[in-house]
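Structure file entry-v4.txt (compact mmCIF, N, CA and C atoms) is printed below.
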# COMPACT_ATOMS: atom_id res chain seq x y z
N MET V 1 59.43 34.99 86.11
CA MET V 1 59.84 36.37 86.32
C MET V 1 59.20 37.22 85.23
N LEU V 2 58.65 38.34 85.61
CA LEU V 2 58.01 39.27 84.69
C LEU V 2 58.84 40.54 84.66
N ARG V 3 59.23 41.00 83.47
CA ARG V 3 60.05 42.20 83.34
C ARG V 3 59.32 43.25 82.51
N PRO V 4 58.35 43.93 83.12
CA PRO V 4 57.62 44.95 82.35
C PRO V 4 58.40 46.24 82.26
N GLY V 5 58.23 46.93 81.14
CA GLY V 5 58.77 48.28 81.03
C GLY V 5 57.94 49.22 81.89
N SER V 6 58.38 50.44 82.06
CA SER V 6 57.66 51.37 82.94
C SER V 6 56.25 51.66 82.44
N ASP V 7 56.06 51.78 81.12
CA ASP V 7 54.72 52.01 80.58
C ASP V 7 53.82 50.79 80.79
N GLN V 8 54.39 49.61 80.61
CA GLN V 8 53.61 48.39 80.82
C GLN V 8 53.22 48.24 82.28
N LEU V 9 54.14 48.53 83.18
CA LEU V 9 53.85 48.44 84.60
C LEU V 9 52.77 49.46 84.99
N ALA V 10 52.86 50.66 84.44
CA ALA V 10 51.83 51.68 84.70
C ALA V 10 50.47 51.21 84.21
N LEU V 11 50.43 50.60 83.04
CA LEU V 11 49.17 50.07 82.51
C LEU V 11 48.63 48.98 83.43
N LEU V 12 49.46 48.07 83.85
CA LEU V 12 49.02 46.99 84.75
C LEU V 12 48.50 47.56 86.07
N ARG V 13 49.19 48.56 86.58
CA ARG V 13 48.76 49.18 87.85
C ARG V 13 47.41 49.86 87.68
N ARG V 14 47.25 50.65 86.63
CA ARG V 14 45.99 51.38 86.42
C ARG V 14 44.84 50.43 86.10
N CYS V 15 45.11 49.38 85.34
CA CYS V 15 44.06 48.41 85.03
C CYS V 15 43.65 47.65 86.29
N THR V 16 44.59 47.37 87.16
CA THR V 16 44.27 46.70 88.43
C THR V 16 43.37 47.60 89.27
N GLU V 17 43.68 48.89 89.32
CA GLU V 17 42.83 49.83 90.06
C GLU V 17 41.44 49.92 89.45
N ALA V 18 41.36 49.99 88.12
CA ALA V 18 40.06 50.06 87.45
C ALA V 18 39.25 48.79 87.67
N PHE V 19 39.93 47.66 87.68
CA PHE V 19 39.25 46.38 87.91
C PHE V 19 38.66 46.35 89.32
N ARG V 20 39.42 46.80 90.30
CA ARG V 20 38.94 46.82 91.68
C ARG V 20 37.76 47.77 91.84
N THR V 21 37.74 48.84 91.07
CA THR V 21 36.61 49.78 91.10
C THR V 21 35.39 49.16 90.42
N ALA V 22 35.62 48.51 89.29
CA ALA V 22 34.52 47.90 88.54
C ALA V 22 33.95 46.69 89.27
N MET V 23 34.77 46.03 90.07
CA MET V 23 34.35 44.82 90.80
C MET V 23 34.79 44.98 92.26
N PRO V 24 34.06 45.80 93.03
CA PRO V 24 34.49 46.11 94.40
C PRO V 24 34.38 44.95 95.40
N ASP V 25 33.57 43.95 95.10
CA ASP V 25 33.39 42.84 96.02
C ASP V 25 34.60 41.90 95.98
N ARG V 26 35.29 41.74 97.11
CA ARG V 26 36.50 40.92 97.19
C ARG V 26 36.25 39.47 96.79
N GLU V 27 35.16 38.91 97.24
CA GLU V 27 34.85 37.51 96.91
C GLU V 27 34.62 37.33 95.42
N GLN V 28 33.97 38.29 94.81
CA GLN V 28 33.75 38.22 93.36
C GLN V 28 35.09 38.31 92.61
N ARG V 29 35.97 39.22 93.06
CA ARG V 29 37.29 39.32 92.43
C ARG V 29 38.07 38.02 92.59
N GLU V 30 37.99 37.41 93.77
CA GLU V 30 38.69 36.16 94.00
C GLU V 30 38.13 35.04 93.11
N PHE V 31 36.83 35.05 92.90
CA PHE V 31 36.22 34.05 92.02
C PHE V 31 36.77 34.19 90.60
N VAL V 32 36.90 35.43 90.13
CA VAL V 32 37.37 35.69 88.77
C VAL V 32 38.87 35.47 88.64
N LEU V 33 39.65 35.98 89.59
CA LEU V 33 41.11 35.98 89.46
C LEU V 33 41.81 34.86 90.21
N GLY V 34 41.12 34.20 91.13
CA GLY V 34 41.78 33.22 91.97
C GLY V 34 42.42 33.90 93.16
N GLU V 35 43.05 33.12 94.00
CA GLU V 35 43.65 33.64 95.22
C GLU V 35 44.77 34.65 94.95
N CYS V 36 45.48 34.48 93.85
CA CYS V 36 46.60 35.38 93.52
C CYS V 36 46.14 36.79 93.16
N GLY V 37 44.89 36.94 92.81
CA GLY V 37 44.39 38.24 92.35
C GLY V 37 44.57 39.36 93.35
N GLU V 38 44.44 39.06 94.63
CA GLU V 38 44.56 40.10 95.64
C GLU V 38 46.00 40.58 95.82
N SER V 39 46.96 39.82 95.32
CA SER V 39 48.36 40.23 95.45
C SER V 39 48.81 41.10 94.28
N LEU V 40 48.00 41.23 93.24
CA LEU V 40 48.42 42.00 92.06
C LEU V 40 48.66 43.48 92.34
N PRO V 41 47.81 44.17 93.12
CA PRO V 41 48.10 45.60 93.36
C PRO V 41 49.48 45.82 93.99
N ALA V 42 49.85 45.01 94.94
CA ALA V 42 51.18 45.15 95.57
C ALA V 42 52.29 44.81 94.58
N LEU V 43 52.07 43.80 93.77
CA LEU V 43 53.08 43.39 92.78
C LEU V 43 53.32 44.51 91.77
N PHE V 44 52.23 45.13 91.28
CA PHE V 44 52.35 46.16 90.25
C PHE V 44 52.68 47.54 90.81
N ALA V 45 52.79 47.65 92.14
CA ALA V 45 53.21 48.91 92.76
C ALA V 45 54.73 49.01 92.84
N ALA V 46 55.42 48.05 92.28
CA ALA V 46 56.88 48.01 92.32
C ALA V 46 57.49 49.21 91.60
N ASP V 47 58.72 49.52 91.97
CA ASP V 47 59.48 50.56 91.30
C ASP V 47 59.70 50.15 89.85
N PRO V 48 59.35 51.01 88.89
CA PRO V 48 59.49 50.64 87.47
C PRO V 48 60.90 50.28 87.04
N VAL V 49 61.91 50.97 87.57
CA VAL V 49 63.29 50.69 87.18
C VAL V 49 63.70 49.32 87.72
N ALA V 50 63.38 49.06 88.96
CA ALA V 50 63.73 47.76 89.56
C ALA V 50 62.98 46.63 88.86
N ALA V 51 61.73 46.87 88.50
CA ALA V 51 60.93 45.84 87.83
C ALA V 51 61.51 45.51 86.46
N ALA V 52 61.97 46.53 85.75
CA ALA V 52 62.56 46.30 84.43
C ALA V 52 63.91 45.61 84.54
N ASP V 53 64.69 45.97 85.55
CA ASP V 53 66.03 45.40 85.72
C ASP V 53 66.00 43.98 86.30
N ALA V 54 65.41 43.85 87.48
CA ALA V 54 65.42 42.56 88.17
C ALA V 54 64.20 41.71 87.88
N GLY V 55 63.13 42.34 87.45
CA GLY V 55 61.90 41.62 87.18
C GLY V 55 61.02 41.53 88.42
N LEU V 56 59.79 41.14 88.20
CA LEU V 56 58.84 40.97 89.29
C LEU V 56 58.69 39.48 89.57
N PRO V 57 58.78 39.08 90.82
CA PRO V 57 58.63 37.66 91.16
C PRO V 57 57.15 37.27 91.09
N VAL V 58 56.78 36.63 90.03
CA VAL V 58 55.37 36.27 89.84
C VAL V 58 55.27 34.79 89.50
N THR V 59 54.28 34.13 90.08
CA THR V 59 54.06 32.71 89.82
C THR V 59 53.24 32.54 88.54
N GLU V 60 53.13 31.31 88.11
CA GLU V 60 52.29 31.02 86.95
C GLU V 60 50.85 31.41 87.25
N ASP V 61 50.37 31.15 88.46
CA ASP V 61 49.02 31.56 88.85
C ASP V 61 48.88 33.08 88.83
N GLY V 62 49.94 33.78 89.22
CA GLY V 62 49.93 35.24 89.17
C GLY V 62 49.85 35.76 87.75
N LEU V 63 50.57 35.12 86.83
CA LEU V 63 50.49 35.50 85.42
C LEU V 63 49.08 35.28 84.88
N ARG V 64 48.51 34.14 85.25
CA ARG V 64 47.13 33.86 84.81
C ARG V 64 46.15 34.89 85.37
N ALA V 65 46.34 35.26 86.63
CA ALA V 65 45.46 36.25 87.26
C ALA V 65 45.59 37.59 86.55
N ALA V 66 46.80 38.01 86.22
CA ALA V 66 47.01 39.27 85.51
C ALA V 66 46.37 39.23 84.13
N HIS V 67 46.55 38.12 83.44
CA HIS V 67 45.94 37.95 82.12
C HIS V 67 44.41 38.01 82.22
N THR V 68 43.86 37.29 83.18
CA THR V 68 42.42 37.27 83.37
C THR V 68 41.89 38.65 83.74
N LEU V 69 42.64 39.36 84.57
CA LEU V 69 42.23 40.72 84.95
C LEU V 69 42.12 41.60 83.70
N LEU V 70 43.13 41.58 82.84
CA LEU V 70 43.11 42.42 81.65
C LEU V 70 41.98 42.03 80.70
N VAL V 71 41.82 40.74 80.46
CA VAL V 71 40.79 40.28 79.53
C VAL V 71 39.40 40.60 80.08
N THR V 72 39.21 40.40 81.37
CA THR V 72 37.92 40.70 81.99
C THR V 72 37.64 42.20 81.95
N LEU V 73 38.64 43.01 82.23
CA LEU V 73 38.46 44.45 82.19
C LEU V 73 38.11 44.91 80.78
N LEU V 74 38.73 44.32 79.77
CA LEU V 74 38.39 44.66 78.39
C LEU V 74 36.93 44.35 78.09
N ALA V 75 36.42 43.26 78.67
CA ALA V 75 35.01 42.89 78.47
C ALA V 75 34.08 43.81 79.28
N LEU V 76 34.50 44.19 80.47
CA LEU V 76 33.68 45.05 81.33
C LEU V 76 33.57 46.48 80.80
N ILE V 77 34.60 46.93 80.12
CA ILE V 77 34.63 48.31 79.60
C ILE V 77 34.84 48.24 78.08
N PRO V 78 33.77 47.99 77.32
CA PRO V 78 33.92 47.78 75.88
C PRO V 78 34.20 49.05 75.07
N SER V 79 33.94 50.22 75.63
CA SER V 79 34.14 51.47 74.90
C SER V 79 35.60 51.93 75.03
N GLU V 80 36.19 52.30 73.91
CA GLU V 80 37.56 52.82 73.91
C GLU V 80 37.66 54.07 74.79
N ARG V 81 36.69 54.94 74.65
CA ARG V 81 36.70 56.19 75.40
C ARG V 81 36.59 55.92 76.92
N ALA V 82 35.66 55.08 77.31
CA ALA V 82 35.49 54.76 78.73
C ALA V 82 36.74 54.06 79.28
N PHE V 83 37.32 53.18 78.49
CA PHE V 83 38.53 52.48 78.92
C PHE V 83 39.66 53.48 79.16
N MET V 84 39.81 54.41 78.24
CA MET V 84 40.85 55.43 78.37
C MET V 84 40.59 56.31 79.59
N GLU V 85 39.34 56.67 79.82
CA GLU V 85 39.00 57.51 80.98
C GLU V 85 39.29 56.79 82.29
N ARG V 86 39.04 55.50 82.35
CA ARG V 86 39.21 54.75 83.60
C ARG V 86 40.63 54.28 83.85
N THR V 87 41.39 54.06 82.78
CA THR V 87 42.74 53.51 82.96
C THR V 87 43.86 54.45 82.51
N GLY V 88 43.53 55.38 81.63
CA GLY V 88 44.57 56.26 81.08
C GLY V 88 45.36 55.59 79.96
N HIS V 89 44.86 54.45 79.49
CA HIS V 89 45.56 53.69 78.45
C HIS V 89 44.57 53.21 77.39
N TYR V 90 45.08 52.95 76.20
CA TYR V 90 44.25 52.42 75.12
C TYR V 90 43.93 50.94 75.35
N ARG V 91 42.75 50.54 74.90
CA ARG V 91 42.33 49.14 74.99
C ARG V 91 43.32 48.24 74.25
N ASP V 92 43.78 48.68 73.09
CA ASP V 92 44.72 47.86 72.30
C ASP V 92 45.99 47.55 73.08
N HIS V 93 46.46 48.51 73.86
CA HIS V 93 47.68 48.28 74.65
C HIS V 93 47.43 47.23 75.72
N ALA V 94 46.27 47.30 76.37
CA ALA V 94 45.93 46.29 77.38
C ALA V 94 45.79 44.91 76.72
N ALA V 95 45.19 44.88 75.54
CA ALA V 95 45.03 43.60 74.83
C ALA V 95 46.39 43.02 74.44
N MET V 96 47.33 43.88 74.02
CA MET V 96 48.66 43.40 73.65
C MET V 96 49.41 42.85 74.86
N ILE V 97 49.27 43.51 76.00
CA ILE V 97 49.93 43.00 77.20
C ILE V 97 49.30 41.68 77.62
N ALA V 98 47.97 41.58 77.53
CA ALA V 98 47.29 40.32 77.86
C ALA V 98 47.80 39.20 76.96
N LEU V 99 47.96 39.48 75.69
CA LEU V 99 48.47 38.49 74.75
C LEU V 99 49.91 38.11 75.11
N GLY V 100 50.71 39.10 75.46
CA GLY V 100 52.09 38.82 75.87
C GLY V 100 52.16 37.95 77.11
N LEU V 101 51.29 38.22 78.08
CA LEU V 101 51.24 37.38 79.28
C LEU V 101 50.84 35.96 78.92
N ARG V 102 49.87 35.84 78.04
CA ARG V 102 49.40 34.52 77.61
C ARG V 102 50.53 33.75 76.91
N ARG V 103 51.24 34.43 76.05
CA ARG V 103 52.37 33.78 75.37
C ARG V 103 53.47 33.43 76.35
N GLY V 104 53.64 34.27 77.37
CA GLY V 104 54.68 34.03 78.37
C GLY V 104 54.46 32.76 79.15
N PHE V 105 53.23 32.47 79.55
CA PHE V 105 53.05 31.24 80.30
C PHE V 105 52.75 30.05 79.41
N ALA V 106 52.70 30.27 78.10
CA ALA V 106 52.57 29.16 77.16
C ALA V 106 53.95 28.68 76.71
N ALA V 107 54.95 29.53 76.90
CA ALA V 107 56.31 29.20 76.46
C ALA V 107 56.98 28.24 77.45
N PRO V 108 57.88 27.42 76.96
CA PRO V 108 58.62 26.53 77.87
C PRO V 108 59.57 27.35 78.73
N PRO V 109 59.93 26.86 79.91
CA PRO V 109 60.90 27.55 80.75
C PRO V 109 62.23 27.75 80.00
N ALA V 110 62.94 28.80 80.37
CA ALA V 110 64.22 29.10 79.72
C ALA V 110 65.15 27.89 79.78
N GLY V 111 65.79 27.62 78.67
CA GLY V 111 66.73 26.51 78.61
C GLY V 111 66.08 25.19 78.21
N GLN V 112 64.78 25.18 78.07
CA GLN V 112 64.07 23.95 77.67
C GLN V 112 63.35 24.24 76.36
N GLY V 113 63.84 23.68 75.28
CA GLY V 113 63.24 23.91 73.97
C GLY V 113 61.86 23.33 73.87
N ARG V 114 61.21 23.64 72.78
CA ARG V 114 59.83 23.14 72.55
C ARG V 114 59.85 21.70 72.16
Go ahead and render the structure in this file as structure tokens.
Amino acid sequence: MLRPGSDQLALLRRCTEAFRTAMPDREQREFVLGECGESLPALFAADPVAAADAGLPVTEDGLRAAHTLLVTLLALIPSERAFMERTGHYRDHAAMIALGLRRGFAAPPAGQGR
């Protein structure tokens, strides 16, 4: 379960849109993100309040796809200014969310210690 705040969800939504613009070919996106990648726009279109309260139902593959999307977008748009123009968010914020996603799927499931 992913529980993004409204700003985080907005960043994920805008980065997903920018990624689809930067990589318009569906097969290329699937190669980079896997099969789950095409479901990210619908997932991140969720109501921010509901997403923060109940969370977003996302699989481990979905988390990996979101992480890969952010990291790839950071590589595709290396300029802070261009990144801000295309996403409306700072590169550092996208990098922090990518790191959080990475830590999220590296952590043991709730109730199971390390």
To one decimal place, how far is atom N of Arg29 in chain V from atom N of Thr68 in chain V in Å?
12.8 Å
Residue neighbourhood Arg102 in chain V, 8 Å, only N, CA and C atoms, exclusion window fewer than 6 positions, as an MDAnalysis selection string
chainID V and resid 63:64 66:67 96
So that each row is one residue of range 41-98 of chain V with an atom at most 10 Å from range 10-16 of chain V, can you give its shortest atom pair and the distance in Å to one decimal, using only C-alpha atoms, rows by chain and rising number, as a tab-separated table?
residue	atom	partner	partner_atom	distance
V:Pro41	CA	V:Thr16	CA	6.3
V:Ala42	CA	V:Arg13	CA	9.0
V:Leu43	CA	V:Arg13	CA	8.7
V:Phe44	CA	V:Arg13	CA	5.3
V:Ala45	CA	V:Arg13	CA	6.6
V:Ala46	CA	V:Arg13	CA	9.3
V:Pro48	CA	V:Ala10	CA	8.2
V:Ala66	CA	V:Leu12	CA	8.0
V:His67	CA	V:Leu12	CA	9.9
V:Leu69	CA	V:Thr16	CA	7.2
V:Leu70	CA	V:Cys15	CA	6.9
V:Leu73	CA	V:Cys15	CA	7.4
V:Leu74	CA	V:Cys15	CA	9.5
V:Phe83	CA	V:Cys15	CA	9.2
V:Arg86	CA	V:Arg14	CA	8.1
V:Thr87	CA	V:Arg14	CA	5.2
V:Gly88	CA	V:Arg14	CA	7.4
V:His89	CA	V:Leu11	CA	6.5
V:Tyr90	CA	V:Leu11	CA	9.2
V:His93	CA	V:Leu11	CA	8.2
V:Ala94	CA	V:Leu11	CA	7.1
V:Ile97	CA	V:Leu12	CA	8.6
V:Ala98	CA	V:Leu12	CA	9.7
Can you write just those residues out, N, CA and C atoms, as a compact mmCIF listing (two decimals), keeping the file's coordinate frame?
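Okay, part.txt is ready:
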# COMPACT_ATOMS: atom_id res chain seq x y z
N PRO V 41 47.81 44.17 93.12
CA PRO V 41 48.10 45.60 93.36
C PRO V 41 49.48 45.82 93.99
N ALA V 42 49.85 45.01 94.94
CA ALA V 42 51.18 45.15 95.57
C ALA V 42 52.29 44.81 94.58
N LEU V 43 52.07 43.80 93.77
CA LEU V 43 53.08 43.39 92.78
C LEU V 43 53.32 44.51 91.77
N PHE V 44 52.23 45.13 91.28
CA PHE V 44 52.35 46.16 90.25
C PHE V 44 52.68 47.54 90.81
N ALA V 45 52.79 47.65 92.14
CA ALA V 45 53.21 48.91 92.76
C ALA V 45 54.73 49.01 92.84
N ALA V 46 55.42 48.05 92.28
CA ALA V 46 56.88 48.01 92.32
C ALA V 46 57.49 49.21 91.60
N PRO V 48 59.35 51.01 88.89
CA PRO V 48 59.49 50.64 87.47
C PRO V 48 60.90 50.28 87.04
N ALA V 66 46.80 38.01 86.22
CA ALA V 66 47.01 39.27 85.51
C ALA V 66 46.37 39.23 84.13
N HIS V 67 46.55 38.12 83.44
CA HIS V 67 45.94 37.95 82.12
C HIS V 67 44.41 38.01 82.22
N LEU V 69 42.64 39.36 84.57
CA LEU V 69 42.23 40.72 84.95
C LEU V 69 42.12 41.60 83.70
N LEU V 70 43.13 41.58 82.84
CA LEU V 70 43.11 42.42 81.65
C LEU V 70 41.98 42.03 80.70
N LEU V 73 38.64 43.01 82.23
CA LEU V 73 38.46 44.45 82.19
C LEU V 73 38.11 44.91 80.78
N LEU V 74 38.73 44.32 79.77
CA LEU V 74 38.39 44.66 78.39
C LEU V 74 36.93 44.35 78.09
N PHE V 83 37.32 53.18 78.49
CA PHE V 83 38.53 52.48 78.92
C PHE V 83 39.66 53.48 79.16
N ARG V 86 39.04 55.50 82.35
CA ARG V 86 39.21 54.75 83.60
C ARG V 86 40.63 54.28 83.85
N THR V 87 41.39 54.06 82.78
CA THR V 87 42.74 53.51 82.96
C THR V 87 43.86 54.45 82.51
N GLY V 88 43.53 55.38 81.63
CA GLY V 88 44.57 56.26 81.08
C GLY V 88 45.36 55.59 79.96
N HIS V 89 44.86 54.45 79.49
CA HIS V 89 45.56 53.69 78.45
C HIS V 89 44.57 53.21 77.39
N TYR V 90 45.08 52.95 76.20
CA TYR V 90 44.25 52.42 75.12
C TYR V 90 43.93 50.94 75.35
N HIS V 93 46.46 48.51 73.86
CA HIS V 93 47.68 48.28 74.65
C HIS V 93 47.43 47.23 75.72
N ALA V 94 46.27 47.30 76.37
CA ALA V 94 45.93 46.29 77.38
C ALA V 94 45.79 44.91 76.72
N ILE V 97 49.27 43.51 76.00
CA ILE V 97 49.93 43.00 77.20
C ILE V 97 49.30 41.68 77.62
N ALA V 98 47.97 41.58 77.53
CA ALA V 98 47.29 40.32 77.86
C ALA V 98 47.80 39.20 76.96
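The interatomic distance for the pair CA of Ala22 in chain V and CA of Val49 in chain V works out to 28.9 Å.
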Within 10 Å of Pro57 in chain V, counting only C-alpha atoms, which residues qualify if same-chain residues fewer than 5 places away don't, as a tab-separated table (two decimals) with N, CA and C atoms, in the frame of the given file?
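Output contents, as saved in result_22.tsv:
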chain	number	residue	atom	x	y	z
V	1	MET	N	59.43	34.99	86.11
V	1	MET	CA	59.84	36.37	86.32
V	1	MET	C	59.20	37.22	85.23
V	2	LEU	N	58.65	38.34	85.61
V	2	LEU	CA	58.01	39.27	84.69
V	2	LEU	C	58.84	40.54	84.66
V	3	ARG	N	59.23	41.00	83.47
V	3	ARG	CA	60.05	42.20	83.34
V	3	ARG	C	59.32	43.25	82.51
V	43	LEU	N	52.07	43.80	93.77
V	43	LEU	CA	53.08	43.39	92.78
V	43	LEU	C	53.32	44.51	91.77
V	51	ALA	N	61.73	46.87	88.50
V	51	ALA	CA	60.93	45.84	87.83
V	51	ALA	C	61.51	45.51	86.46
V	62	GLY	N	49.94	33.78	89.22
V	62	GLY	CA	49.93	35.24	89.17
V	62	GLY	C	49.85	35.76	87.75
For a quick check of understanding, using all atoms listed in the file, which of V:Val32, V:Ile77, V:Leu56, V:Met23 has the smallest distance to Pro4 in chain V?
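Distance minimum relative to Pro4 in chain V lands on V:Leu56.
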List every residue of range 10-114 of chain V that DSSP, applied to the backbone of this structure, places in alpha helix (DSSP H), and write the result as a PyMOL selection string.
chain V and resi 10-22+26-33+40-44+48-54+60-76+80-87+91-106
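For the pair atom N of Met84 in chain V and atom C of Asp61 in chain V, the separation is 25.5 Å.
Take the candidates V:Ser79, V:Ala65, V:Ala52, V:Val58 and check each one against Gln8 in chain V using only C-alpha atoms; the shortest distance goes to V:Ala52.
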Find, counting only C-alpha atoms, the residue in V:Gly37, V:Ala54, V:Phe19, V:Asp47 that gets nearest to Asp7 in chain V.
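Closest to Asp7 in chain V of all the choices is V:Asp47.
Distance check against Glu35 in chain V using only C-alpha atoms: of V:Thr59, V:Pro78, V:Leu99, V:Ala18, the minimum falls on V:Thr59.
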